$ cat model_1.pdb   # PDB, C-alpha atoms
ATOM      1  CA  MET A   1      77.299  76.918 105.887  1.00  0.00           C
ATOM      2  CA  THR A   2      74.738  79.098 107.625  1.00  0.00           C
ATOM      3  CA  GLY A   3      75.572  82.570 108.913  1.00  0.00           C
ATOM      4  CA  SER A   4      73.182  82.676 111.874  1.00  0.00           C
ATOM      5  CA  ARG A   5      74.556  83.132 115.354  1.00  0.00           C
ATOM      6  CA  ALA A   6      72.797  79.988 116.559  1.00  0.00           C
ATOM      7  CA  HIS A   7      74.482  77.779 113.949  1.00  0.00           C
ATOM      8  CA  ALA A   8      77.832  79.412 113.112  1.00  0.00           C
ATOM      9  CA  ASN A   9      79.147  78.514 116.575  1.00  0.00           C
ATOM     10  CA  PRO A  10      76.475  76.590 118.542  1.00  0.00           C
ATOM     11  CA  ASP A  11      78.678  76.155 121.625  1.00  0.00           C
ATOM     12  CA  SER A  12      79.363  79.874 122.021  1.00  0.00           C
ATOM     13  CA  TRP A  13      75.730  80.762 121.377  1.00  0.00           C
ATOM     14  CA  GLY A  14      74.580  78.141 123.879  1.00  0.00           C
ATOM     15  CA  LEU A  15      76.795  79.616 126.599  1.00  0.00           C
ATOM     16  CA  ALA A  16      75.730  83.136 125.678  1.00  0.00           C
ATOM     17  CA  SER A  17      72.035  82.199 125.830  1.00  0.00           C
ATOM     18  CA  VAL A  18      72.477  80.921 129.382  1.00  0.00           C
ATOM     19  CA  ARG A  19      74.290  84.105 130.384  1.00  0.00           C
ATOM     20  CA  ILE A  20      71.560  86.256 128.845  1.00  0.00           C
ATOM     21  CA  GLN A  21      68.927  84.462 130.923  1.00  0.00           C
ATOM     22  CA  ASP A  22      71.170  84.807 133.977  1.00  0.00           C
ATOM     23  CA  LEU A  23      71.537  88.529 133.256  1.00  0.00           C
ATOM     24  CA  ARG A  24      67.757  88.858 133.278  1.00  0.00           C
ATOM     25  CA  GLY A  25      67.684  87.134 136.649  1.00  0.00           C
ATOM     26  CA  GLN A  26      70.350  89.492 137.972  1.00  0.00           C
ATOM     27  CA  LEU A  27      67.951  92.411 137.505  1.00  0.00           C
ATOM     28  CA  THR A  28      66.073  91.177 140.557  1.00  0.00           C
ATOM     29  CA  HIS A  29      69.220  91.776 142.641  1.00  0.00           C
ATOM     30  CA  ILE A  30      69.245  95.506 141.946  1.00  0.00           C
ATOM     31  CA  ASP A  31      68.750  97.248 145.287  1.00  0.00           C
ATOM     32  CA  PRO A  32      65.879  99.772 145.056  1.00  0.00           C
ATOM     33  CA  ASN A  33      67.490 101.745 147.879  1.00  0.00           C
ATOM     34  CA  SER A  34      70.625 102.358 145.830  1.00  0.00           C
ATOM     35  CA  GLU A  35      71.160 105.849 144.465  1.00  0.00           C
ATOM     36  CA  ARG A  36      71.857 104.424 140.997  1.00  0.00           C
ATOM     37  CA  HIS A  37      69.253 101.683 140.891  1.00  0.00           C
ATOM     38  CA  GLN A  38      67.270 103.239 138.019  1.00  0.00           C
ATOM     39  CA  ASP A  39      70.379 104.026 135.950  1.00  0.00           C
ATOM     40  CA  ALA A  40      71.723 100.504 136.487  1.00  0.00           C
ATOM     41  CA  LEU A  41      68.372  98.961 135.580  1.00  0.00           C
ATOM     42  CA  ASP A  42      68.049 101.056 132.410  1.00  0.00           C
ATOM     43  CA  GLU A  43      71.624 100.310 131.323  1.00  0.00           C
ATOM     44  CA  ALA A  44      71.297  96.565 131.864  1.00  0.00           C
ATOM     45  CA  LYS A  45      67.911  96.412 130.099  1.00  0.00           C
ATOM     46  CA  ALA A  46      69.333  98.413 127.194  1.00  0.00           C
ATOM     47  CA  GLU A  47      72.075  95.813 126.703  1.00  0.00           C
ATOM     48  CA  ILE A  48      69.545  92.962 126.859  1.00  0.00           C
ATOM     49  CA  ASP A  49      67.287  94.686 124.323  1.00  0.00           C
ATOM     50  CA  LYS A  50      70.294  95.309 122.079  1.00  0.00           C
ATOM     51  CA  ILE A  51      71.327  91.632 122.162  1.00  0.00           C
ATOM     52  CA  LEU A  52      67.807  90.413 121.426  1.00  0.00           C
ATOM     53  CA  SER A  53      67.129  92.994 118.719  1.00  0.00           C
ATOM     54  CA  THR A  54      66.626  91.914 115.126  1.00  0.00           C
ATOM     55  CA  ALA A  55      69.398  94.182 113.847  1.00  0.00           C
ATOM     56  CA  PHE A  56      72.012  92.764 116.241  1.00  0.00           C
ATOM     57  CA  GLY A  57      71.067  89.140 115.595  1.00  0.00           C
ATOM     58  CA  ARG A  58      70.747  89.428 111.832  1.00  0.00           C
ATOM     59  CA  ASP A  59      72.435  86.622 109.908  1.00  0.00           C
ATOM     60  CA  GLY A  60      75.685  87.596 108.268  1.00  0.00           C
ATOM     61  CA  LEU A  61      79.363  87.014 107.706  1.00  0.00           C
ATOM     62  CA  ARG A  62      80.337  88.439 111.106  1.00  0.00           C
ATOM     63  CA  TRP A  63      79.018  85.316 112.820  1.00  0.00           C
ATOM     64  CA  GLN A  64      81.095  83.138 110.501  1.00  0.00           C
ATOM     65  CA  THR A  65      84.209  85.187 111.270  1.00  0.00           C
ATOM     66  CA  ARG A  66      83.308  85.030 115.002  1.00  0.00           C
ATOM     67  CA  LEU A  67      83.504  88.824 115.319  1.00  0.00           C
ATOM     68  CA  GLY A  68      79.781  88.895 116.057  1.00  0.00           C
ATOM     69  CA  TYR A  69      80.295  86.707 119.126  1.00  0.00           C
ATOM     70  CA  ILE A  70      82.919  89.125 120.445  1.00  0.00           C
ATOM     71  CA  ALA A  71      80.376  91.954 120.239  1.00  0.00           C
ATOM     72  CA  LEU A  72      77.767  89.677 121.825  1.00  0.00           C
ATOM     73  CA  TRP A  73      79.925  88.874 124.851  1.00  0.00           C
ATOM     74  CA  ARG A  74      80.932  92.527 125.244  1.00  0.00           C
ATOM     75  CA  SER A  75      77.254  93.473 125.531  1.00  0.00           C
ATOM     76  CA  ILE A  76      76.612  90.685 128.053  1.00  0.00           C
ATOM     77  CA  HIS A  77      79.566  91.814 130.157  1.00  0.00           C
ATOM     78  CA  HIS A  78      78.469  95.455 130.023  1.00  0.00           C
ATOM     79  CA  GLY A  79      75.016  94.463 131.213  1.00  0.00           C
ATOM     80  CA  GLU A  80      76.463  92.473 134.114  1.00  0.00           C
ATOM     81  CA  GLU A  81      78.716  95.388 135.037  1.00  0.00           C
ATOM     82  CA  ALA A  82      75.705  97.717 135.065  1.00  0.00           C
ATOM     83  CA  VAL A  83      73.889  95.461 137.541  1.00  0.00           C
ATOM     84  CA  ILE A  84      76.877  95.596 139.891  1.00  0.00           C
ATOM     85  CA  GLU A  85      76.505  99.366 140.080  1.00  0.00           C
ATOM     86  CA  ALA A  86      73.336  98.968 142.195  1.00  0.00           C
ATOM     87  CA  ALA A  87      73.314  95.305 143.254  1.00  0.00           C
ATOM     88  CA  ASP A  88      72.487  94.032 146.726  1.00  0.00           C
ATOM     89  CA  GLU A  89      75.064  92.474 149.049  1.00  0.00           C
ATOM     90  CA  THR A  90      74.174  88.920 148.047  1.00  0.00           C
ATOM     91  CA  HIS A  91      74.966  89.508 144.401  1.00  0.00           C
ATOM     92  CA  LEU A  92      78.108  91.510 145.208  1.00  0.00           C
ATOM     93  CA  ARG A  93      79.465  88.606 147.267  1.00  0.00           C
ATOM     94  CA  ARG A  94      78.831  86.196 144.409  1.00  0.00           C
ATOM     95  CA  VAL A  95      80.648  88.487 141.982  1.00  0.00           C
ATOM     96  CA  VAL A  96      83.655  88.778 144.303  1.00  0.00           C
ATOM     97  CA  ASP A  97      83.793  84.996 144.674  1.00  0.00           C
ATOM     98  CA  ALA A  98      83.565  84.516 140.897  1.00  0.00           C
ATOM     99  CA  TYR A  99      86.222  87.076 139.982  1.00  0.00           C
ATOM    100  CA  TRP A 100      88.738  86.565 142.769  1.00  0.00           C
ATOM    101  CA  SER A 101      90.457  83.606 141.113  1.00  0.00           C
ATOM    102  CA  ARG A 102      90.379  85.353 137.732  1.00  0.00           C
ATOM    103  CA  VAL A 103      92.115  88.427 139.098  1.00  0.00           C
ATOM    104  CA  GLU A 104      94.694  86.381 140.969  1.00  0.00           C
ATOM    105  CA  GLY A 105      95.436  84.284 137.898  1.00  0.00           C
ATOM    106  CA  ALA A 106      95.845  87.185 135.477  1.00  0.00           C
ATOM    107  CA  LYS A 107      97.184  90.086 137.533  1.00  0.00           C
ATOM    108  CA  GLU A 108     100.850  89.408 136.719  1.00  0.00           C
ATOM    109  CA  VAL A 109     100.288  89.134 132.978  1.00  0.00           C
ATOM    110  CA  HIS A 110      97.278  91.002 131.674  1.00  0.00           C
ATOM    111  CA  ILE A 111      95.822  93.380 134.266  1.00  0.00           C
ATOM    112  CA  PRO A 112      97.267  95.817 136.819  1.00  0.00           C
ATOM    113  CA  VAL A 113      98.294  94.339 140.161  1.00  0.00           C
ATOM    114  CA  SER A 114      96.378  97.134 141.899  1.00  0.00           C
ATOM    115  CA  LEU A 115      93.082  95.504 140.909  1.00  0.00           C
ATOM    116  CA  SER A 116      93.843  92.643 143.297  1.00  0.00           C
ATOM    117  CA  ALA A 117      94.143  95.110 146.164  1.00  0.00           C
ATOM    118  CA  GLU A 118      90.927  96.845 145.131  1.00  0.00           C
ATOM    119  CA  LEU A 119      89.042  93.573 145.025  1.00  0.00           C
ATOM    120  CA  ALA A 120      90.473  92.606 148.424  1.00  0.00           C
ATOM    121  CA  ASP A 121      89.231  95.897 149.860  1.00  0.00           C
ATOM    122  CA  VAL A 122      85.754  95.252 148.440  1.00  0.00           C
ATOM    123  CA  ALA A 123      85.771  91.787 150.030  1.00  0.00           C
ATOM    124  CA  ARG A 124      86.875  93.306 153.353  1.00  0.00           C
ATOM    125  CA  PHE A 125      83.957  95.760 153.337  1.00  0.00           C
ATOM    126  CA  LEU A 126      81.397  93.114 152.358  1.00  0.00           C
ATOM    127  CA  ALA A 127      82.672  90.825 155.120  1.00  0.00           C
ATOM    128  CA  GLN A 128      81.656  93.503 157.622  1.00  0.00           C
ATOM    129  CA  VAL A 129      78.132  93.793 156.205  1.00  0.00           C
ATOM    130  CA  PRO A 130      75.579  91.344 157.637  1.00  0.00           C
ATOM    131  CA  ALA A 131      74.997  88.633 155.073  1.00  0.00           C
ATOM    132  CA  ARG A 132      71.499  88.183 153.669  1.00  0.00           C
ATOM    133  CA  ASP A 133      70.536  84.900 152.020  1.00  0.00           C
ATOM    134  CA  VAL A 134      74.132  83.750 151.879  1.00  0.00           C
ATOM    135  CA  VAL A 135      74.998  80.189 152.862  1.00  0.00           C
ATOM    136  CA  SER A 136      78.615  80.898 153.831  1.00  0.00           C
ATOM    137  CA  PRO A 137      79.727  84.486 154.558  1.00  0.00           C
ATOM    138  CA  LEU A 138      82.623  85.739 152.475  1.00  0.00           C
ATOM    139  CA  SER A 139      85.950  85.819 154.271  1.00  0.00           C
ATOM    140  CA  SER A 140      88.220  88.796 153.666  1.00  0.00           C
ATOM    141  CA  PRO A 141      91.372  87.954 151.639  1.00  0.00           C
ATOM    142  CA  ALA A 142      94.718  89.286 152.790  1.00  0.00           C
ATOM    143  CA  PRO A 143      95.361  92.659 151.115  1.00  0.00           C
ATOM    144  CA  THR A 144      98.400  93.129 148.924  1.00  0.00           C
ATOM    145  CA  PRO A 145     101.081  95.770 149.671  1.00  0.00           C
ATOM    146  CA  GLY A 146     100.114  99.326 148.869  1.00  0.00           C
ATOM    147  CA  PRO A 147      96.334  98.913 148.951  1.00  0.00           C
ATOM    148  CA  PRO A 148      94.089 101.683 147.589  1.00  0.00           C
ATOM    149  CA  PRO A 149      92.066 103.898 149.924  1.00  0.00           C
ATOM    150  CA  PRO A 150      89.515 101.676 151.640  1.00  0.00           C
ATOM    151  CA  VAL A 151      85.883 101.930 150.627  1.00  0.00           C
ATOM    152  CA  ALA A 152      83.573 103.164 153.332  1.00  0.00           C
ATOM    153  CA  SER A 153      80.123 102.923 151.754  1.00  0.00           C
ATOM    154  CA  MET A 154      78.071 100.499 149.732  1.00  0.00           C
ATOM    155  CA  GLU A 155      77.977 102.864 146.748  1.00  0.00           C
ATOM    156  CA  ALA A 156      81.766 103.100 146.701  1.00  0.00           C
ATOM    157  CA  THR A 157      81.975  99.319 147.022  1.00  0.00           C
ATOM    158  CA  ARG A 158      79.726  98.809 144.015  1.00  0.00           C
ATOM    159  CA  SER A 159      81.648 101.347 141.949  1.00  0.00           C
ATOM    160  CA  ARG A 160      85.026  99.796 142.750  1.00  0.00           C
ATOM    161  CA  LEU A 161      83.790  96.264 142.128  1.00  0.00           C
ATOM    162  CA  ARG A 162      82.422  97.291 138.750  1.00  0.00           C
ATOM    163  CA  THR A 163      85.825  98.777 137.873  1.00  0.00           C
ATOM    164  CA  VAL A 164      87.554  95.497 138.695  1.00  0.00           C
ATOM    165  CA  VAL A 165      85.012  93.371 136.829  1.00  0.00           C
ATOM    166  CA  ALA A 166      85.150  95.681 133.805  1.00  0.00           C
ATOM    167  CA  ALA A 167      88.949  95.414 133.675  1.00  0.00           C
ATOM    168  CA  VAL A 168      88.839  91.611 133.797  1.00  0.00           C
ATOM    169  CA  ASN A 169      86.062  91.407 131.199  1.00  0.00           C
ATOM    170  CA  GLU A 170      87.885  93.807 128.895  1.00  0.00           C
ATOM    171  CA  MET A 171      91.048  91.721 129.154  1.00  0.00           C
ATOM    172  CA  ARG A 172      89.153  88.520 128.328  1.00  0.00           C
ATOM    173  CA  ASP A 173      87.169  90.072 125.460  1.00  0.00           C
ATOM    174  CA  ASP A 174      90.282  91.634 123.924  1.00  0.00           C
ATOM    175  CA  SER A 175      92.165  88.348 124.204  1.00  0.00           C
ATOM    176  CA  TRP A 176      89.406  86.434 122.408  1.00  0.00           C
ATOM    177  CA  ALA A 177      89.073  89.185 119.810  1.00  0.00           C
ATOM    178  CA  GLY A 178      92.821  89.069 119.227  1.00  0.00           C
ATOM    179  CA  LEU A 179      92.698  85.327 118.680  1.00  0.00           C
ATOM    180  CA  VAL A 180      89.844  85.724 116.212  1.00  0.00           C
ATOM    181  CA  ARG A 181      91.691  88.441 114.329  1.00  0.00           C
ATOM    182  CA  LEU A 182      94.869  86.362 114.203  1.00  0.00           C
ATOM    183  CA  ARG A 183      92.820  83.395 112.942  1.00  0.00           C
ATOM    184  CA  LEU A 184      91.372  85.509 110.134  1.00  0.00           C
ATOM    185  CA  GLN A 185      94.821  86.814 109.189  1.00  0.00           C
ATOM    186  CA  THR A 186      96.206  83.288 109.079  1.00  0.00           C
ATOM    187  CA  MET A 187      93.335  82.078 106.916  1.00  0.00           C
ATOM    188  CA  ALA A 188      93.867  84.993 104.532  1.00  0.00           C
ATOM    189  CA  ALA A 189      97.589  84.209 104.300  1.00  0.00           C
ATOM    190  CA  LEU A 190      96.879  80.535 103.579  1.00  0.00           C
ATOM    191  CA  PHE A 191      94.330  81.474 100.928  1.00  0.00           C
ATOM    192  CA  MET A 192      96.797  83.762  99.153  1.00  0.00           C
ATOM    193  CA  THR A 193      99.481  81.065  99.342  1.00  0.00           C
ATOM    194  CA  GLU A 194      97.182  78.501  97.734  1.00  0.00           C
ATOM    195  CA  VAL A 195      96.148  80.933  95.010  1.00  0.00           C
ATOM    196  CA  SER A 196      99.783  81.709  94.296  1.00  0.00           C
ATOM    197  CA  ALA A 197     100.599  78.001  94.049  1.00  0.00           C
ATOM    198  CA  TYR A 198      97.778  77.406  91.593  1.00  0.00           C
ATOM    199  CA  VAL A 199      98.850  80.379  89.471  1.00  0.00           C
ATOM    200  CA  LEU A 200     102.430  79.072  89.457  1.00  0.00           C
ATOM    201  CA  LEU A 201     101.219  75.634  88.412  1.00  0.00           C
ATOM    202  CA  ALA A 202      99.178  77.157  85.605  1.00  0.00           C
ATOM    203  CA  LEU A 203     102.208  79.064  84.363  1.00  0.00           C
ATOM    204  CA  VAL A 204     104.366  75.933  84.426  1.00  0.00           C
ATOM    205  CA  VAL A 205     101.766  73.968  82.474  1.00  0.00           C
ATOM    206  CA  SER A 206     101.633  76.730  79.875  1.00  0.00           C
ATOM    207  CA  LEU A 207     105.364  76.413  79.118  1.00  0.00           C
ATOM    208  CA  PRO A 208     106.285  75.151  75.666  1.00  0.00           C
ATOM    209  CA  GLY A 209     107.310  71.499  75.455  1.00  0.00           C
ATOM    210  CA  GLY A 210     110.892  70.305  75.675  1.00  0.00           C
ATOM    211  CA  SER A 211     113.235  68.659  78.133  1.00  0.00           C
ATOM    212  CA  ARG A 212     114.935  71.915  79.120  1.00  0.00           C
ATOM    213  CA  PRO A 213     112.986  75.164  79.443  1.00  0.00           C
ATOM    214  CA  ASP A 214     114.275  78.173  77.557  1.00  0.00           C
ATOM    215  CA  LEU A 215     115.321  80.672  80.247  1.00  0.00           C
ATOM    216  CA  THR A 216     114.989  83.492  77.735  1.00  0.00           C
ATOM    217  CA  HIS A 217     111.323  82.720  77.150  1.00  0.00           C
ATOM    218  CA  PRO A 218     109.083  85.527  78.508  1.00  0.00           C
ATOM    219  CA  VAL A 219     106.896  83.063  80.424  1.00  0.00           C
ATOM    220  CA  VAL A 220     109.910  81.429  82.094  1.00  0.00           C
ATOM    221  CA  THR A 221     111.338  84.823  83.014  1.00  0.00           C
ATOM    222  CA  GLY A 222     107.985  85.811  84.509  1.00  0.00           C
ATOM    223  CA  ILE A 223     107.820  82.596  86.545  1.00  0.00           C
ATOM    224  CA  ILE A 224     111.295  83.214  87.980  1.00  0.00           C
ATOM    225  CA  TYR A 225     110.357  86.728  89.060  1.00  0.00           C
ATOM    226  CA  PHE A 226     107.056  85.455  90.429  1.00  0.00           C
ATOM    227  CA  VAL A 227     108.710  82.684  92.465  1.00  0.00           C
ATOM    228  CA  VAL A 228     111.307  85.023  93.956  1.00  0.00           C
ATOM    229  CA  ALA A 229     108.680  87.644  94.856  1.00  0.00           C
ATOM    230  CA  ALA A 230     106.302  85.019  96.251  1.00  0.00           C
ATOM    231  CA  VAL A 231     108.956  83.470  98.498  1.00  0.00           C
ATOM    232  CA  VAL A 232     110.062  86.864  99.815  1.00  0.00           C
ATOM    233  CA  GLY A 233     106.493  87.987 100.386  1.00  0.00           C
ATOM    234  CA  PHE A 234     105.520  84.708 102.032  1.00  0.00           C
ATOM    235  CA  PHE A 235     108.333  84.850 104.592  1.00  0.00           C
ATOM    236  CA  ALA A 236     107.671  88.540 105.206  1.00  0.00           C
ATOM    237  CA  ARG A 237     104.053  87.685 105.950  1.00  0.00           C
ATOM    238  CA  LEU A 238     105.073  84.921 108.332  1.00  0.00           C
ATOM    239  CA  VAL A 239     107.335  87.346 110.203  1.00  0.00           C
ATOM    240  CA  ALA A 240     104.518  89.905 110.396  1.00  0.00           C
ATOM    241  CA  LEU A 241     102.086  87.306 111.756  1.00  0.00           C
ATOM    242  CA  SER A 242     104.593  86.092 114.353  1.00  0.00           C
ATOM    243  CA  ASN A 243     105.083  89.664 115.595  1.00  0.00           C
ATOM    244  CA  ALA A 244     101.412  90.613 115.504  1.00  0.00           C
ATOM    245  CA  GLY A 245      99.801  91.418 118.831  1.00  0.00           C
ATOM    246  CA  THR A 246      96.471  89.961 119.840  1.00  0.00           C
ATOM    247  CA  ALA A 247      95.004  93.134 121.363  1.00  0.00           C
ATOM    248  CA  VAL A 248      92.223  94.927 119.540  1.00  0.00           C
ATOM    249  CA  ASP A 249      92.572  98.640 118.852  1.00  0.00           C
ATOM    250  CA  ASP A 250      89.711 100.559 120.446  1.00  0.00           C
TER     251      ASP A 250
END

$ encode --input "model_1.pdb" --output "structure tokens"
Amino acid sequence: MTGSRAHANPDSWGLASVRIQDLRGQLTHIDPNSERHQDALDEAKAEIDKILSTAFGRDGLRWQTRLGYIALWRSIHHGEEAVIEAADETHLRRVVDAYWSRVEGAKEVHIPVSLSAELADVARFLAQVPARDVVSPLSSPAPTPGPPPPVASMEATRSRLRTVVAAVNEMRDDSWAGLVRLRLQTMAALFMTEVSAYVLLALVVSLPGGSRPDLTHPVVTGIIYFVVAAVVGFFARLVALSNAGTAVDD
């Protein structure tokens, strides 16, 4: 089984490749009149260069464990968030449209409810800006109770939108990373269980012949202790896995 990122999980790499090309295209939406256009451009290009670097894409076990894909998607998301910091109105509208349903679907479980109000305020401001190259102007969603202070400039709009997008991306990345970590823990537990079963079988085979085993035999005594300890440890591990959280410690 190969350890390259293109073969360990072809579906994930295929989606990531499309997003990387899309991220390159998003660079053209950076507004040169923005105060942070150069910083946003440098930050986004740095993430692209990091993803395409030889060191980051080197074959290895991390692609087999899927941890490499988590780092890959984090870099893609950071690059997209950097573009938002200085993007034009057209791109900002597209981002609001793309993330509105995500925020509404996850606000009661994973992310603060206040992010919905912040995104609604961004949509309200963009609805007042004349649309450029937009087929259908964005309509302003109804704000939730207790909205944050309204944005009054394009720079503040970009900054707040990046905050919302970063929160959603972090939630999604941490959720996927948690699933990967739980998968690795489960595989490790299954491996140890199988090894223990084979060791127990080997011990049983090594017993002296006879219809009834001698309970005073050292090997039999060792098997009894082994079985008791293995059962206790196995159930303790199952309890630990069932109580394990899926969030990744930063």

$ resolve_selection --input "model_1.pdb" --expression "the PyMOL selection byres ((chain A and resi 56) around 12)" --output "PyMOL selection string"
chain A and resi 4-5+47-55+57-60+62-63+68-69+71-72+75

$ resolve_selection --input "model_1.pdb" --expression "the PyMOL selection byres ((chain A and resi 230-240) around 12)" --output "ChimeraX atom specification"
/A:182,185-186,188-197,199-200,222-229,241-245

$ atom_distance --input "model_1.pdb" --atom1 "atom CA of A:Ser175" --atom2 "atom CA of A:Arg19"
19.4 Å

$ atom_distance --input "model_1.pdb" --atom1 "atom CA of A:Asn33" --atom2 "atom CA of A:Leu126"
17.0 Å

$ closest_residue --input "model_1.pdb" --among "A:Leu201, A:Ala44, A:Ala8, A:Ala123" --to "A:Ala86" --atoms "all atoms listed in the file"
A:Ala44

$ residues_around --input "model_1.pdb" --residues "A:Leu115" --least-positions-apart "3" --cutoff "9 Å" --atoms "all atoms listed in the file" --output "list in words"
Val103, Lys107, Ile111, Pro112, Glu118, Leu119, Ala120, Thr163, Val164 and Ala167 of chain A

$ closest_residue --input "model_1.pdb" --among "A:Ala46, A:Ile70, A:Leu15, A:Val83" --to "A:His29" --atoms "all atoms listed in the file"
A:Val83

$ decode --input "model_1.pdb" --residues "stretch 35-59 of chain A" --atoms "N, CA and C atoms" --output "PDB file, in the first residue's frame"
ATOM      1  N   GLU A  35      -6.584  47.884   2.233  1.00  0.00           N
ATOM      2  CA  GLU A  35      -5.415  48.212   3.034  1.00  0.00           C
ATOM      3  C   GLU A  35      -4.543  46.979   3.282  1.00  0.00           C
ATOM      4  N   ARG A  36      -5.139  45.804   3.255  1.00  0.00           N
ATOM      5  CA  ARG A  36      -4.410  44.572   3.570  1.00  0.00           C
ATOM      6  C   ARG A  36      -4.218  43.677   2.341  1.00  0.00           C
ATOM      7  N   HIS A  37      -4.274  44.267   1.162  1.00  0.00           N
ATOM      8  CA  HIS A  37      -4.207  43.424  -0.029  1.00  0.00           C
ATOM      9  C   HIS A  37      -2.865  42.694  -0.144  1.00  0.00           C
ATOM     10  N   GLN A  38      -1.751  43.375   0.191  1.00  0.00           N
ATOM     11  CA  GLN A  38      -0.451  42.728   0.072  1.00  0.00           C
ATOM     12  C   GLN A  38      -0.275  41.642   1.136  1.00  0.00           C
ATOM     13  N   ASP A  39      -0.715  41.931   2.368  1.00  0.00           N
ATOM     14  CA  ASP A  39      -0.609  40.919   3.429  1.00  0.00           C
ATOM     15  C   ASP A  39      -1.458  39.696   3.103  1.00  0.00           C
ATOM     16  N   ALA A  40      -2.672  39.924   2.596  1.00  0.00           N
ATOM     17  CA  ALA A  40      -3.548  38.809   2.242  1.00  0.00           C
ATOM     18  C   ALA A  40      -2.953  37.993   1.102  1.00  0.00           C
ATOM     19  N   LEU A  41      -2.393  38.681   0.113  1.00  0.00           N
ATOM     20  CA  LEU A  41      -1.790  37.987  -1.023  1.00  0.00           C
ATOM     21  C   LEU A  41      -0.595  37.151  -0.584  1.00  0.00           C
ATOM     22  N   ASP A  42       0.257  37.724   0.265  1.00  0.00           N
ATOM     23  CA  ASP A  42       1.443  37.000   0.743  1.00  0.00           C
ATOM     24  C   ASP A  42       1.040  35.786   1.586  1.00  0.00           C
ATOM     25  N   GLU A  43       0.037  35.965   2.445  1.00  0.00           N
ATOM     26  CA  GLU A  43      -0.388  34.861   3.310  1.00  0.00           C
ATOM     27  C   GLU A  43      -0.994  33.718   2.499  1.00  0.00           C
ATOM     28  N   ALA A  44      -1.833  34.056   1.528  1.00  0.00           N
ATOM     29  CA  ALA A  44      -2.452  33.019   0.707  1.00  0.00           C
ATOM     30  C   ALA A  44      -1.404  32.302  -0.146  1.00  0.00           C
ATOM     31  N   LYS A  45      -0.481  33.054  -0.744  1.00  0.00           N
ATOM     32  CA  LYS A  45       0.573  32.428  -1.552  1.00  0.00           C
ATOM     33  C   LYS A  45       1.471  31.540  -0.697  1.00  0.00           C
ATOM     34  N   ALA A  46       1.724  31.965   0.547  1.00  0.00           N
ATOM     35  CA  ALA A  46       2.557  31.159   1.434  1.00  0.00           C
ATOM     36  C   ALA A  46       1.912  29.804   1.713  1.00  0.00           C
ATOM     37  N   GLU A  47       0.590  29.784   1.889  1.00  0.00           N
ATOM     38  CA  GLU A  47      -0.101  28.515   2.117  1.00  0.00           C
ATOM     39  C   GLU A  47      -0.062  27.631   0.866  1.00  0.00           C
ATOM     40  N   ILE A  48      -0.225  28.243  -0.304  1.00  0.00           N
ATOM     41  CA  ILE A  48      -0.160  27.476  -1.553  1.00  0.00           C
ATOM     42  C   ILE A  48       1.226  26.884  -1.744  1.00  0.00           C
ATOM     43  N   ASP A  49       2.260  27.698  -1.509  1.00  0.00           N
ATOM     44  CA  ASP A  49       3.636  27.201  -1.647  1.00  0.00           C
ATOM     45  C   ASP A  49       3.919  26.090  -0.643  1.00  0.00           C
ATOM     46  N   LYS A  50       3.364  26.223   0.558  1.00  0.00           N
ATOM     47  CA  LYS A  50       3.564  25.185   1.578  1.00  0.00           C
ATOM     48  C   LYS A  50       2.934  23.860   1.139  1.00  0.00           C
ATOM     49  N   ILE A  51       1.707  23.927   0.597  1.00  0.00           N
ATOM     50  CA  ILE A  51       1.011  22.715   0.170  1.00  0.00           C
ATOM     51  C   ILE A  51       1.749  22.032  -0.963  1.00  0.00           C
ATOM     52  N   LEU A  52       2.277  22.827  -1.887  1.00  0.00           N
ATOM     53  CA  LEU A  52       2.930  22.263  -3.075  1.00  0.00           C
ATOM     54  C   LEU A  52       4.406  21.964  -2.859  1.00  0.00           C
ATOM     55  N   SER A  53       4.921  22.240  -1.672  1.00  0.00           N
ATOM     56  CA  SER A  53       6.335  22.009  -1.404  1.00  0.00           C
ATOM     57  C   SER A  53       6.639  20.517  -1.325  1.00  0.00           C
ATOM     58  N   THR A  54       7.878  20.180  -1.599  1.00  0.00           N
ATOM     59  CA  THR A  54       8.306  18.781  -1.555  1.00  0.00           C
ATOM     60  C   THR A  54       8.237  18.219  -0.145  1.00  0.00           C
ATOM     61  N   ALA A  55       8.618  19.028   0.842  1.00  0.00           N
ATOM     62  CA  ALA A  55       8.619  18.563   2.228  1.00  0.00           C
ATOM     63  C   ALA A  55       7.208  18.225   2.702  1.00  0.00           C
ATOM     64  N   PHE A  56       6.229  19.073   2.356  1.00  0.00           N
ATOM     65  CA  PHE A  56       4.856  18.835   2.811  1.00  0.00           C
ATOM     66  C   PHE A  56       4.251  17.625   2.122  1.00  0.00           C
ATOM     67  N   GLY A  57       4.561  17.427   0.850  1.00  0.00           N
ATOM     68  CA  GLY A  57       3.956  16.334   0.094  1.00  0.00           C
ATOM     69  C   GLY A  57       4.750  15.051   0.095  1.00  0.00           C
ATOM     70  N   ARG A  58       5.790  14.986   0.919  1.00  0.00           N
ATOM     71  CA  ARG A  58       6.627  13.783   0.937  1.00  0.00           C
ATOM     72  C   ARG A  58       5.812  12.565   1.359  1.00  0.00           C
ATOM     73  N   ASP A  59       6.074  11.435   0.689  1.00  0.00           N
ATOM     74  CA  ASP A  59       5.376  10.198   1.039  1.00  0.00           C
ATOM     75  C   ASP A  59       5.706   9.801   2.468  1.00  0.00           C
TER      76      ASP A  59
END
